[in-house]
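Worksheet: the structure to be examined is printed underneath.
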Amino acid sequence: MTKAKSKDASADAAAETSFAEQMQQLLVGGGTAAIERQHAKGRGTARERIAQLLDAGSPWLEIGLWAAFEMYRDWGGAPAAGVVCGVGLIKGRRHMVIANDATVKAGAFFPMTAKKVLRAQKIAFLNRLPLVYLVDSAGVFLPLQEDVFPDEDDFGRIFRNNAVISAAGISQYAAILGNCVAGGGYLPVLCDKLLMTEGSGLYLAGPALVKSAIGQEVSSEDLGGALMHAAVSGTIDYREKDEASCLERLRGLVGLLPADPAVPPPPFSRSEARQPSSAVAALEAFARGERKGSTDVRDLLAAFVDAGSFEEYKADYGQTLVCGTARIGGFPVGIVANQLHRIKTARGEFQFGGVVYVDSADKAARFVMSCNQDQIPLLFLQDVNGFMVGRDSERDGIIKAGAKLVSAVSNSRVPKLTLITGGSFGAGNYALCGKAFDPRFIFAWPHARCAVMGAQQATNTLLDVMVASMKKQGHTADADELAQLREQVAGDYERQTDVRYAAARLWVDAIIEPAETRNTLIQSLEIVTRQAVEEPYRLGVFQV
């Protein structure tokens, strides 16, 4: 037993080291050689530009760092999808910042680049955050153009969003700090204010393409330089000699906007914060897998909610989902969290932690409706295996109860936040506000898992399907072949359940360390309470 524990601890330590190393690699974008090439042009990197733009020492909430992780290997990869996105303070005002990373394929748009920018725009639109675009991009990555160009979640949707965001009265600023080519030229021109540095280029077609298309020879400067667009086309609003002056001018323009409210506007509120009653070590121990089967989720809540603020709802009923109101950093929130250990009900039956039963689904649906009535933001804490299955559960109406919870969550008008602390499997992901159900932000801990079902069940199911297919083709696998197939299927599926796989595809916005949970949630609540949705809470056909 001691040896097994030691081996597991070593494996966890190695995984954490690998995770930290991978994260550091993402933070350097295209690598040191690419950074040096950018500096040789007198240009900064995306992260250097953001650091100059933001207020010194202010918090930064990054979105999509793991986007495109281990994707596009045939093309050398695209760290962080070649764009840096996040919410930060500029002159004391929160903004969504979207900065092309020219160290990654000259800032070209891969499919995940477009999706990441669209996610950032959606967060900004829903929370009425002004946007700043730091543009340095070669446009669409042509080898993958069919997956970047035409669809409603592709490149063109970004420009459509520019127009819609502007019409909604949300300020947008763009600074061209390098290349801005082809269709990408529409993004900055659709913004409210447009700045451009000397040496940058803005054109629908570069000099080489112009010569190829119409035989005209023209320099980059004459075709689309800052002076031409300032004095001849009139396209840009401010011409700046270099990045430093451009970013300083941008800070000055942003400083003219109305200041962020000191307190959330009604119906939201914020009282004085209290430190949690429990140490953050409880979160870290749970994330490492210690005492997972016996941990009470209330102990996790105590490590990040304000001390003494948790008021549990229907504590004796539907106990595999713990519901209640609390404060986090002084903000009122309604919490729906999976219980982690086995429960003995008042009827003498046992229910498994991490499983949603009929009674817990009914309770959670009622609680979600209550929070909407009181206009209290919702936080979903996911460590869910799914809904209970079997004859008794089906006869009790588990599908009907699940549909009730899905309907309540889908139609919520209050801001929703989701944190995946462990597993996020099957319909449990849906009912507890997975990505498809419009959480304002969705976070995950590094050891989290996300898939349609757990690895063991999926491996057995997939193996049965493969064996049946082989039999139809007249081949019966022997024991060695079955073992090899099982190992292959299990390995592939385990890789796909890893939270980095989910984050690469933007199913989660950010992977955060357990110790960062409270601060991240407070930052998120500061953002999502900027403005309430004016529509009343409505439900359609509701199962009873």
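We name chains A, B, ... following the order of the structure tokens; residues begin at 1 in each chain, and ligands are numbered from 1 as shown.
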- Do you know which residues are at most 9 Å from region 310-318 of chain A counting only C-alpha atoms, after dropping those on the same chain fewer than 3 positions away, and could you put them as a ChimeraX atom specification? /A:301-302,305-307,321-327,345-346,356-364,367
Output of the above residues as a PDB file, in the first residue's frame, restricted to N, CA and C atoms:
ATOM      1  N   LEU A 301     -16.307  24.427  -0.319  1.00  0.00           N
ATOM      2  CA  LEU A 301     -16.926  25.752  -0.352  1.00  0.00           C
ATOM      3  C   LEU A 301     -16.351  26.648   0.735  1.00  0.00           C
ATOM      4  N   ALA A 302     -16.102  26.067   1.902  1.00  0.00           N
ATOM      5  CA  ALA A 302     -15.593  26.853   3.029  1.00  0.00           C
ATOM      6  C   ALA A 302     -14.225  27.445   2.752  1.00  0.00           C
ATOM      7  N   VAL A 305     -15.620  30.633  -0.118  1.00  0.00           N
ATOM      8  CA  VAL A 305     -16.714  31.579   0.119  1.00  0.00           C
ATOM      9  C   VAL A 305     -16.423  32.376   1.385  1.00  0.00           C
ATOM     10  N   ASP A 306     -17.057  33.523   1.519  1.00  0.00           N
ATOM     11  CA  ASP A 306     -16.871  34.357   2.708  1.00  0.00           C
ATOM     12  C   ASP A 306     -17.321  33.596   3.953  1.00  0.00           C
ATOM     13  N   ALA A 307     -16.548  33.685   4.993  1.00  0.00           N
ATOM     14  CA  ALA A 307     -16.827  32.945   6.232  1.00  0.00           C
ATOM     15  C   ALA A 307     -18.223  33.257   6.754  1.00  0.00           C
ATOM     16  N   LEU A 321     -26.816  16.816  -4.638  1.00  0.00           N
ATOM     17  CA  LEU A 321     -26.543  18.177  -5.086  1.00  0.00           C
ATOM     18  C   LEU A 321     -26.725  19.105  -3.888  1.00  0.00           C
ATOM     19  N   VAL A 322     -25.686  19.829  -3.549  1.00  0.00           N
ATOM     20  CA  VAL A 322     -25.737  20.797  -2.455  1.00  0.00           C
ATOM     21  C   VAL A 322     -26.029  22.164  -3.063  1.00  0.00           C
ATOM     22  N   CYS A 323     -27.105  22.785  -2.606  1.00  0.00           N
ATOM     23  CA  CYS A 323     -27.516  24.094  -3.110  1.00  0.00           C
ATOM     24  C   CYS A 323     -27.572  25.084  -1.951  1.00  0.00           C
ATOM     25  N   GLY A 324     -27.241  26.314  -2.232  1.00  0.00           N
ATOM     26  CA  GLY A 324     -27.336  27.326  -1.194  1.00  0.00           C
ATOM     27  C   GLY A 324     -26.792  28.656  -1.662  1.00  0.00           C
ATOM     28  N   THR A 325     -27.102  29.691  -0.902  1.00  0.00           N
ATOM     29  CA  THR A 325     -26.584  31.021  -1.193  1.00  0.00           C
ATOM     30  C   THR A 325     -25.375  31.303  -0.311  1.00  0.00           C
ATOM     31  N   ALA A 326     -24.482  32.145  -0.831  1.00  0.00           N
ATOM     32  CA  ALA A 326     -23.282  32.521  -0.081  1.00  0.00           C
ATOM     33  C   ALA A 326     -22.801  33.846  -0.643  1.00  0.00           C
ATOM     34  N   ARG A 327     -21.705  34.327  -0.085  1.00  0.00           N
ATOM     35  CA  ARG A 327     -21.026  35.499  -0.645  1.00  0.00           C
ATOM     36  C   ARG A 327     -19.586  35.120  -0.974  1.00  0.00           C
ATOM     37  N   THR A 345     -30.054   8.279   2.518  1.00  0.00           N
ATOM     38  CA  THR A 345     -31.233   9.135   2.520  1.00  0.00           C
ATOM     39  C   THR A 345     -32.130   8.831   3.711  1.00  0.00           C
ATOM     40  N   ALA A 346     -33.129   9.688   3.919  1.00  0.00           N
ATOM     41  CA  ALA A 346     -34.092   9.495   5.005  1.00  0.00           C
ATOM     42  C   ALA A 346     -34.905   8.222   4.802  1.00  0.00           C
ATOM     43  N   VAL A 356     -26.473  12.554 -10.207  1.00  0.00           N
ATOM     44  CA  VAL A 356     -27.688  13.354 -10.074  1.00  0.00           C
ATOM     45  C   VAL A 356     -28.886  12.413 -10.065  1.00  0.00           C
ATOM     46  N   TYR A 357     -29.660  12.446  -8.988  1.00  0.00           N
ATOM     47  CA  TYR A 357     -30.863  11.629  -8.835  1.00  0.00           C
ATOM     48  C   TYR A 357     -32.100  12.491  -9.071  1.00  0.00           C
ATOM     49  N   VAL A 358     -33.257  11.859  -9.080  1.00  0.00           N
ATOM     50  CA  VAL A 358     -34.503  12.575  -9.324  1.00  0.00           C
ATOM     51  C   VAL A 358     -34.700  13.680  -8.298  1.00  0.00           C
ATOM     52  N   ASP A 359     -34.513  13.355  -7.010  1.00  0.00           N
ATOM     53  CA  ASP A 359     -34.766  14.363  -5.980  1.00  0.00           C
ATOM     54  C   ASP A 359     -33.764  15.515  -6.054  1.00  0.00           C
ATOM     55  N   SER A 360     -32.499  15.221  -6.338  1.00  0.00           N
ATOM     56  CA  SER A 360     -31.506  16.294  -6.408  1.00  0.00           C
ATOM     57  C   SER A 360     -31.729  17.178  -7.635  1.00  0.00           C
ATOM     58  N   ALA A 361     -32.159  16.582  -8.754  1.00  0.00           N
ATOM     59  CA  ALA A 361     -32.458  17.377  -9.946  1.00  0.00           C
ATOM     60  C   ALA A 361     -33.645  18.296  -9.697  1.00  0.00           C
ATOM     61  N   ASP A 362     -34.685  17.766  -9.038  1.00  0.00           N
ATOM     62  CA  ASP A 362     -35.852  18.591  -8.703  1.00  0.00           C
ATOM     63  C   ASP A 362     -35.461  19.763  -7.808  1.00  0.00           C
ATOM     64  N   LYS A 363     -34.647  19.463  -6.791  1.00  0.00           N
ATOM     65  CA  LYS A 363     -34.228  20.515  -5.867  1.00  0.00           C
ATOM     66  C   LYS A 363     -33.422  21.588  -6.584  1.00  0.00           C
ATOM     67  N   ALA A 364     -32.459  21.161  -7.406  1.00  0.00           N
ATOM     68  CA  ALA A 364     -31.598  22.130  -8.085  1.00  0.00           C
ATOM     69  C   ALA A 364     -32.394  23.005  -9.050  1.00  0.00           C
ATOM     70  N   PHE A 367     -34.114  25.582  -7.072  1.00  0.00           N
ATOM     71  CA  PHE A 367     -33.173  26.556  -6.545  1.00  0.00           C
ATOM     72  C   PHE A 367     -32.717  27.529  -7.636  1.00  0.00           C
TER      73      PHE A 367
END
- Task: From a DSSP pass on the backbone, collect the residues of region 271-367 of chain A flagged as strand (DSSP E or B) and hand them back as a PyMOL selection string.
- Result: chain A and resi 311-313+321-328+331-338+343-344+350-351+355-356
- Item | Residues of region 18-106 of chain A in alpha helix (DSSP H), written as a ChimeraX atom specification | /A:18-27,32-40,46-53
Next, dump the selected residues to file, keeping only N, CA, C and O atoms, as a compact mmCIF listing (two decimals), in the first residue's frame.
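See selection_17.txt below for the written result:
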# COMPACT_ATOMS: atom_id res chain seq x y z
N SER A 18 4.93 18.65 -15.69
CA SER A 18 4.65 18.72 -17.12
C SER A 18 3.64 19.81 -17.42
O SER A 18 3.80 20.58 -18.37
N PHE A 19 2.60 19.90 -16.60
CA PHE A 19 1.56 20.91 -16.79
C PHE A 19 2.17 22.31 -16.69
O PHE A 19 1.91 23.18 -17.53
N ALA A 20 2.99 22.53 -15.66
CA ALA A 20 3.61 23.84 -15.47
C ALA A 20 4.55 24.18 -16.63
O ALA A 20 4.59 25.32 -17.10
N GLU A 21 5.32 23.18 -17.09
CA GLU A 21 6.25 23.41 -18.20
C GLU A 21 5.49 23.74 -19.48
O GLU A 21 5.89 24.63 -20.25
N GLN A 22 4.39 23.02 -19.72
CA GLN A 22 3.60 23.28 -20.92
C GLN A 22 3.01 24.68 -20.88
O GLN A 22 2.95 25.38 -21.89
N MET A 23 2.57 25.08 -19.69
CA MET A 23 1.99 26.42 -19.55
C MET A 23 3.04 27.49 -19.84
O MET A 23 2.75 28.49 -20.53
N GLN A 24 4.25 27.29 -19.37
CA GLN A 24 5.32 28.25 -19.63
C GLN A 24 5.64 28.33 -21.13
O GLN A 24 5.91 29.41 -21.67
N GLN A 25 5.59 27.19 -21.81
CA GLN A 25 5.82 27.18 -23.25
C GLN A 25 4.75 27.97 -23.99
O GLN A 25 5.05 28.69 -24.96
N LEU A 26 3.51 27.86 -23.52
CA LEU A 26 2.43 28.61 -24.16
C LEU A 26 2.63 30.11 -23.98
O LEU A 26 2.29 30.91 -24.87
N LEU A 27 3.16 30.50 -22.85
CA LEU A 27 3.33 31.92 -22.55
C LEU A 27 4.39 32.59 -23.43
O LEU A 27 4.40 33.82 -23.57
N THR A 32 11.55 31.72 -28.60
CA THR A 32 12.52 32.81 -28.46
C THR A 32 13.01 33.34 -29.81
O THR A 32 13.21 34.55 -29.97
N ALA A 33 13.21 32.47 -30.79
CA ALA A 33 13.69 32.92 -32.10
C ALA A 33 12.66 33.84 -32.76
O ALA A 33 13.01 34.89 -33.34
N ALA A 34 11.39 33.48 -32.66
CA ALA A 34 10.32 34.30 -33.24
C ALA A 34 10.20 35.63 -32.49
O ALA A 34 9.92 36.67 -33.10
N ILE A 35 10.40 35.59 -31.19
CA ILE A 35 10.36 36.82 -30.41
C ILE A 35 11.48 37.75 -30.83
O ILE A 35 11.29 38.97 -30.98
N GLU A 36 12.68 37.20 -31.04
CA GLU A 36 13.81 38.01 -31.48
C GLU A 36 13.55 38.63 -32.85
O GLU A 36 13.94 39.78 -33.10
N ARG A 37 12.90 37.89 -33.74
CA ARG A 37 12.57 38.45 -35.06
C ARG A 37 11.59 39.62 -34.92
O ARG A 37 11.69 40.62 -35.63
N GLN A 38 10.66 39.48 -34.02
CA GLN A 38 9.70 40.56 -33.78
C GLN A 38 10.42 41.79 -33.22
O GLN A 38 10.16 42.92 -33.65
N HIS A 39 11.32 41.57 -32.29
CA HIS A 39 12.07 42.70 -31.71
C HIS A 39 12.95 43.36 -32.76
O HIS A 39 13.16 44.59 -32.73
N ALA A 40 13.51 42.57 -33.68
CA ALA A 40 14.38 43.12 -34.73
C ALA A 40 13.63 44.09 -35.63
O ALA A 40 14.23 44.98 -36.25
N ALA A 46 2.84 40.20 -28.32
CA ALA A 46 1.48 40.45 -27.84
C ALA A 46 1.47 40.70 -26.33
O ALA A 46 0.82 41.63 -25.83
N ARG A 47 2.21 39.88 -25.59
CA ARG A 47 2.20 40.01 -24.13
C ARG A 47 2.94 41.27 -23.68
O ARG A 47 2.55 41.90 -22.67
N GLU A 48 3.99 41.64 -24.37
CA GLU A 48 4.69 42.88 -24.03
C GLU A 48 3.78 44.09 -24.28
O GLU A 48 3.76 45.04 -23.49
N ARG A 49 3.05 44.05 -25.35
CA ARG A 49 2.13 45.16 -25.66
C ARG A 49 1.03 45.26 -24.62
O ARG A 49 0.68 46.36 -24.17
N ILE A 50 0.49 44.12 -24.23
CA ILE A 50 -0.57 44.12 -23.22
C ILE A 50 -0.04 44.66 -21.90
O ILE A 50 -0.71 45.44 -21.21
N ALA A 51 1.17 44.27 -21.53
CA ALA A 51 1.76 44.74 -20.28
C ALA A 51 1.92 46.27 -20.29
O ALA A 51 1.71 46.93 -19.26
N GLN A 52 2.27 46.86 -21.45
CA GLN A 52 2.40 48.31 -21.54
C GLN A 52 1.04 48.99 -21.50
O GLN A 52 0.91 50.12 -21.01
N LEU A 53 0.02 48.31 -22.03
CA LEU A 53 -1.31 48.90 -22.11
C LEU A 53 -2.03 48.90 -20.77
O LEU A 53 -2.71 49.88 -20.41
- Here CA of Ala287 (chain A) and CA of Gln488 (chain A) stand apart by 26.8 Å
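Residues within 6 Å of Phe141 (chain A), counting only C-alpha atoms and excluding same-chain residues fewer than 4 positions away, are Ala108, Phe109 and Phe110 of chain A.
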For the residues in that selection, give me C-alpha atoms as a PDB file, in the first residue's frame.
ATOM      1  CA  ALA A 108      -2.376  34.228 -38.959  1.00  0.00           C
ATOM      2  CA  PHE A 109      -5.873  33.012 -38.124  1.00  0.00           C
ATOM      3  CA  PHE A 110      -6.247  29.257 -37.601  1.00  0.00           C
TER       4      PHE A 110
END
- Quick one: of A:Thr517, A:Gln145, A:Gln172, A:Gln375, who's nearest to Thr421 (chain A), counting only C-alpha atoms?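 Distance minimum relative to Thr421 (chain A) lands on A:Thr517.
Using only C-alpha atoms, the nearest neighbour of Leu194 (chain A) within the list A:Phe542, A:Tyr501, A:Trp75, A:Tyr133 is A:Tyr133.
Compared by their closest atoms to Phe437 (chain A), and using only C-alpha atoms, the residues A:Ala285, A:Val406, A:Ile165, A:Cys450 rank with A:Val406 nearest.
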- Quick one: everything within 8 Å of Val528 (chain A), counting only C-alpha atoms, minus sequence neighbours fewer than 3 positions away in the same chain. Send it as a count of residues only. 6
- Message: Need the shell around Pro188 (chain A): protein/DNA/RNA residues with any atom at most 9 Å away, counting only C-alpha atoms. Skip same-chain ones fewer than 4 positions apart. Format as number ranges by chain?
- Response: A: 133, 135, 162, 172-176, 180, 184, 192-195
Write the residues you've just listed into a file as an mmCIF file, in the first residue's frame, and include all heavy atoms for each of them.
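Once written, result.cif looks like this:
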data_model
loop_
_atom_site.group_PDB
_atom_site.id
_atom_site.type_symbol
_atom_site.label_atom_id
_atom_site.label_comp_id
_atom_site.auth_asym_id
_atom_site.auth_seq_id
_atom_site.Cartn_x
_atom_site.Cartn_y
_atom_site.Cartn_z
ATOM 1 N N TYR A 133 -8.407 45.982 -29.529
ATOM 2 C CA TYR A 133 -7.768 45.020 -30.424
ATOM 3 C C TYR A 133 -6.364 45.531 -30.753
ATOM 4 O O TYR A 133 -6.214 46.667 -31.234
ATOM 5 C CB TYR A 133 -8.556 44.868 -31.723
ATOM 6 C CG TYR A 133 -10.005 44.465 -31.570
ATOM 7 C CD1 TYR A 133 -10.995 45.436 -31.410
ATOM 8 C CD2 TYR A 133 -10.389 43.128 -31.591
ATOM 9 C CE1 TYR A 133 -12.336 45.086 -31.283
ATOM 10 C CE2 TYR A 133 -11.729 42.767 -31.462
ATOM 11 C CZ TYR A 133 -12.692 43.744 -31.305
ATOM 12 O OH TYR A 133 -14.014 43.391 -31.176
ATOM 13 N N VAL A 135 -3.663 44.779 -33.244
ATOM 14 C CA VAL A 135 -3.681 44.044 -34.509
ATOM 15 C C VAL A 135 -2.268 43.881 -35.071
ATOM 16 O O VAL A 135 -1.535 44.867 -35.236
ATOM 17 C CB VAL A 135 -4.581 44.758 -35.539
ATOM 18 C CG1 VAL A 135 -4.659 43.944 -36.829
ATOM 19 C CG2 VAL A 135 -5.980 44.986 -34.964
ATOM 20 N N ASN A 162 -18.194 42.935 -34.648
ATOM 21 C CA ASN A 162 -17.732 44.326 -34.521
ATOM 22 C C ASN A 162 -18.891 45.296 -34.724
ATOM 23 O O ASN A 162 -19.066 46.248 -33.952
ATOM 24 C CB ASN A 162 -16.659 44.635 -35.565
ATOM 25 C CG ASN A 162 -15.322 43.997 -35.284
ATOM 26 O OD1 ASN A 162 -14.674 43.475 -36.177
ATOM 27 N ND2 ASN A 162 -14.878 44.031 -34.041
ATOM 28 N N GLN A 172 -15.170 50.207 -28.913
ATOM 29 C CA GLN A 172 -14.134 49.345 -29.468
ATOM 30 C C GLN A 172 -13.001 50.207 -30.011
ATOM 31 O O GLN A 172 -13.231 51.176 -30.731
ATOM 32 C CB GLN A 172 -14.686 48.477 -30.605
ATOM 33 C CG GLN A 172 -15.745 47.480 -30.181
ATOM 34 C CD GLN A 172 -16.274 46.700 -31.378
ATOM 35 O OE1 GLN A 172 -15.828 45.607 -31.674
ATOM 36 N NE2 GLN A 172 -17.226 47.266 -32.076
ATOM 37 N N TYR A 173 -11.778 49.834 -29.632
ATOM 38 C CA TYR A 173 -10.589 50.533 -30.086
ATOM 39 C C TYR A 173 -9.683 49.527 -30.782
ATOM 40 O O TYR A 173 -9.575 48.378 -30.342
ATOM 41 C CB TYR A 173 -9.826 51.134 -28.902
ATOM 42 C CG TYR A 173 -10.622 52.128 -28.090
ATOM 43 C CD1 TYR A 173 -11.527 51.701 -27.123
ATOM 44 C CD2 TYR A 173 -10.456 53.494 -28.283
ATOM 45 C CE1 TYR A 173 -12.254 52.610 -26.371
ATOM 46 C CE2 TYR A 173 -11.178 54.416 -27.538
ATOM 47 C CZ TYR A 173 -12.081 53.963 -26.581
ATOM 48 O OH TYR A 173 -12.797 54.878 -25.847
ATOM 49 N N ALA A 174 -9.011 49.965 -31.834
ATOM 50 C CA ALA A 174 -8.056 49.095 -32.521
ATOM 51 C C ALA A 174 -6.767 49.861 -32.766
ATOM 52 O O ALA A 174 -6.789 51.038 -33.143
ATOM 53 C CB ALA A 174 -8.628 48.599 -33.849
ATOM 54 N N ALA A 175 -5.647 49.172 -32.525
ATOM 55 C CA ALA A 175 -4.332 49.729 -32.826
ATOM 56 C C ALA A 175 -3.616 48.766 -33.752
ATOM 57 O O ALA A 175 -3.418 47.601 -33.408
ATOM 58 C CB ALA A 175 -3.529 49.931 -31.545
ATOM 59 N N ILE A 176 -3.271 49.239 -34.948
ATOM 60 C CA ILE A 176 -2.527 48.416 -35.907
ATOM 61 C C ILE A 176 -1.044 48.604 -35.613
ATOM 62 O O ILE A 176 -0.499 49.708 -35.758
ATOM 63 C CB ILE A 176 -2.866 48.809 -37.351
ATOM 64 C CG1 ILE A 176 -4.365 48.622 -37.613
ATOM 65 C CG2 ILE A 176 -2.048 47.985 -38.336
ATOM 66 C CD1 ILE A 176 -4.817 49.124 -38.979
ATOM 67 N N CYS A 180 -1.795 44.089 -41.195
ATOM 68 C CA CYS A 180 -3.254 43.968 -41.139
ATOM 69 C C CYS A 180 -3.709 43.776 -42.583
ATOM 70 O O CYS A 180 -3.889 44.741 -43.336
ATOM 71 C CB CYS A 180 -3.875 45.214 -40.525
ATOM 72 S SG CYS A 180 -5.649 45.062 -40.253
ATOM 73 N N GLY A 184 -8.930 40.678 -42.838
ATOM 74 C CA GLY A 184 -8.665 41.144 -41.489
ATOM 75 C C GLY A 184 -8.651 42.646 -41.361
ATOM 76 O O GLY A 184 -8.787 43.190 -40.259
ATOM 77 N N ASP A 192 -14.518 51.894 -33.232
ATOM 78 C CA ASP A 192 -14.849 53.303 -33.023
ATOM 79 C C ASP A 192 -13.637 54.212 -33.189
ATOM 80 O O ASP A 192 -13.748 55.330 -33.677
ATOM 81 C CB ASP A 192 -15.429 53.498 -31.610
ATOM 82 C CG ASP A 192 -16.617 52.588 -31.343
ATOM 83 O OD1 ASP A 192 -17.291 52.209 -32.314
ATOM 84 O OD2 ASP A 192 -16.864 52.257 -30.185
ATOM 85 N N LYS A 193 -12.486 53.752 -32.741
ATOM 86 C CA LYS A 193 -11.256 54.524 -32.839
ATOM 87 C C LYS A 193 -10.175 53.628 -33.426
ATOM 88 O O LYS A 193 -10.039 52.468 -33.032
ATOM 89 C CB LYS A 193 -10.791 55.014 -31.463
ATOM 90 C CG LYS A 193 -11.823 55.829 -30.686
ATOM 91 C CD LYS A 193 -11.977 57.226 -31.249
ATOM 92 C CE LYS A 193 -12.780 58.116 -30.314
ATOM 93 N NZ LYS A 193 -14.135 57.608 -29.995
ATOM 94 N N LEU A 194 -9.383 54.194 -34.364
ATOM 95 C CA LEU A 194 -8.365 53.398 -35.050
ATOM 96 C C LEU A 194 -7.029 54.130 -35.022
ATOM 97 O O LEU A 194 -6.907 55.259 -35.501
ATOM 98 C CB LEU A 194 -8.797 53.129 -36.493
ATOM 99 C CG LEU A 194 -7.809 52.401 -37.410
ATOM 100 C CD1 LEU A 194 -7.307 51.109 -36.785
ATOM 101 C CD2 LEU A 194 -8.467 52.109 -38.761
ATOM 102 N N LEU A 195 -6.031 53.468 -34.438
ATOM 103 C CA LEU A 195 -4.679 53.996 -34.369
ATOM 104 C C LEU A 195 -3.768 53.117 -35.209
ATOM 105 O O LEU A 195 -4.032 51.928 -35.398
ATOM 106 C CB LEU A 195 -4.165 54.023 -32.927
ATOM 107 C CG LEU A 195 -4.943 54.836 -31.887
ATOM 108 C CD1 LEU A 195 -6.157 54.088 -31.365
ATOM 109 C CD2 LEU A 195 -4.036 55.199 -30.704
#
- Pick out the closest residue to Thr418 (chain A) from this set: A:Asp478, A:Asp509, A:Asp396, A:Asp153. Count only C-alpha atoms.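 Distance minimum relative to Thr418 (chain A) lands on A:Asp509.
Among A:Pro446, A:Gly201, A:Gly215, A:Gly540, the residue with the shortest atom-to-atom distance to Asp498 (chain A), counting only C-alpha atoms, is A:Pro446.
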- Task: Pick out the closest residue to Ala106 (chain A) from this set: A:Leu126, A:Leu89, A:Glu198, A:Ala78. Count only C-alpha atoms.
- Result: A:Ala78
- Skipping near chain neighbours, those fewer than 6 positions away, what residues fall within 8 Å of region 252-255 of chain A using only C-alpha atoms, listed as number ranges by chain? A: 90-91, 93
For the residues selected in the previous step, produce a file with N, CA and C atoms as a PDB file, in the first residue's frame.
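For reference, selection.pdb as written:
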ATOM      1  N   ILE A  90      -7.452  49.244 -17.809  1.00  0.00           N
ATOM      2  CA  ILE A  90      -6.753  50.311 -18.519  1.00  0.00           C
ATOM      3  C   ILE A  90      -7.300  51.624 -17.966  1.00  0.00           C
ATOM      4  N   LYS A  91      -6.443  52.398 -17.344  1.00  0.00           N
ATOM      5  CA  LYS A  91      -6.884  53.636 -16.695  1.00  0.00           C
ATOM      6  C   LYS A  91      -8.039  53.364 -15.731  1.00  0.00           C
ATOM      7  N   ARG A  93     -10.314  51.163 -15.926  1.00  0.00           N
ATOM      8  CA  ARG A  93     -11.541  50.697 -16.579  1.00  0.00           C
ATOM      9  C   ARG A  93     -11.311  49.308 -17.164  1.00  0.00           C
TER      10      ARG A  93
END
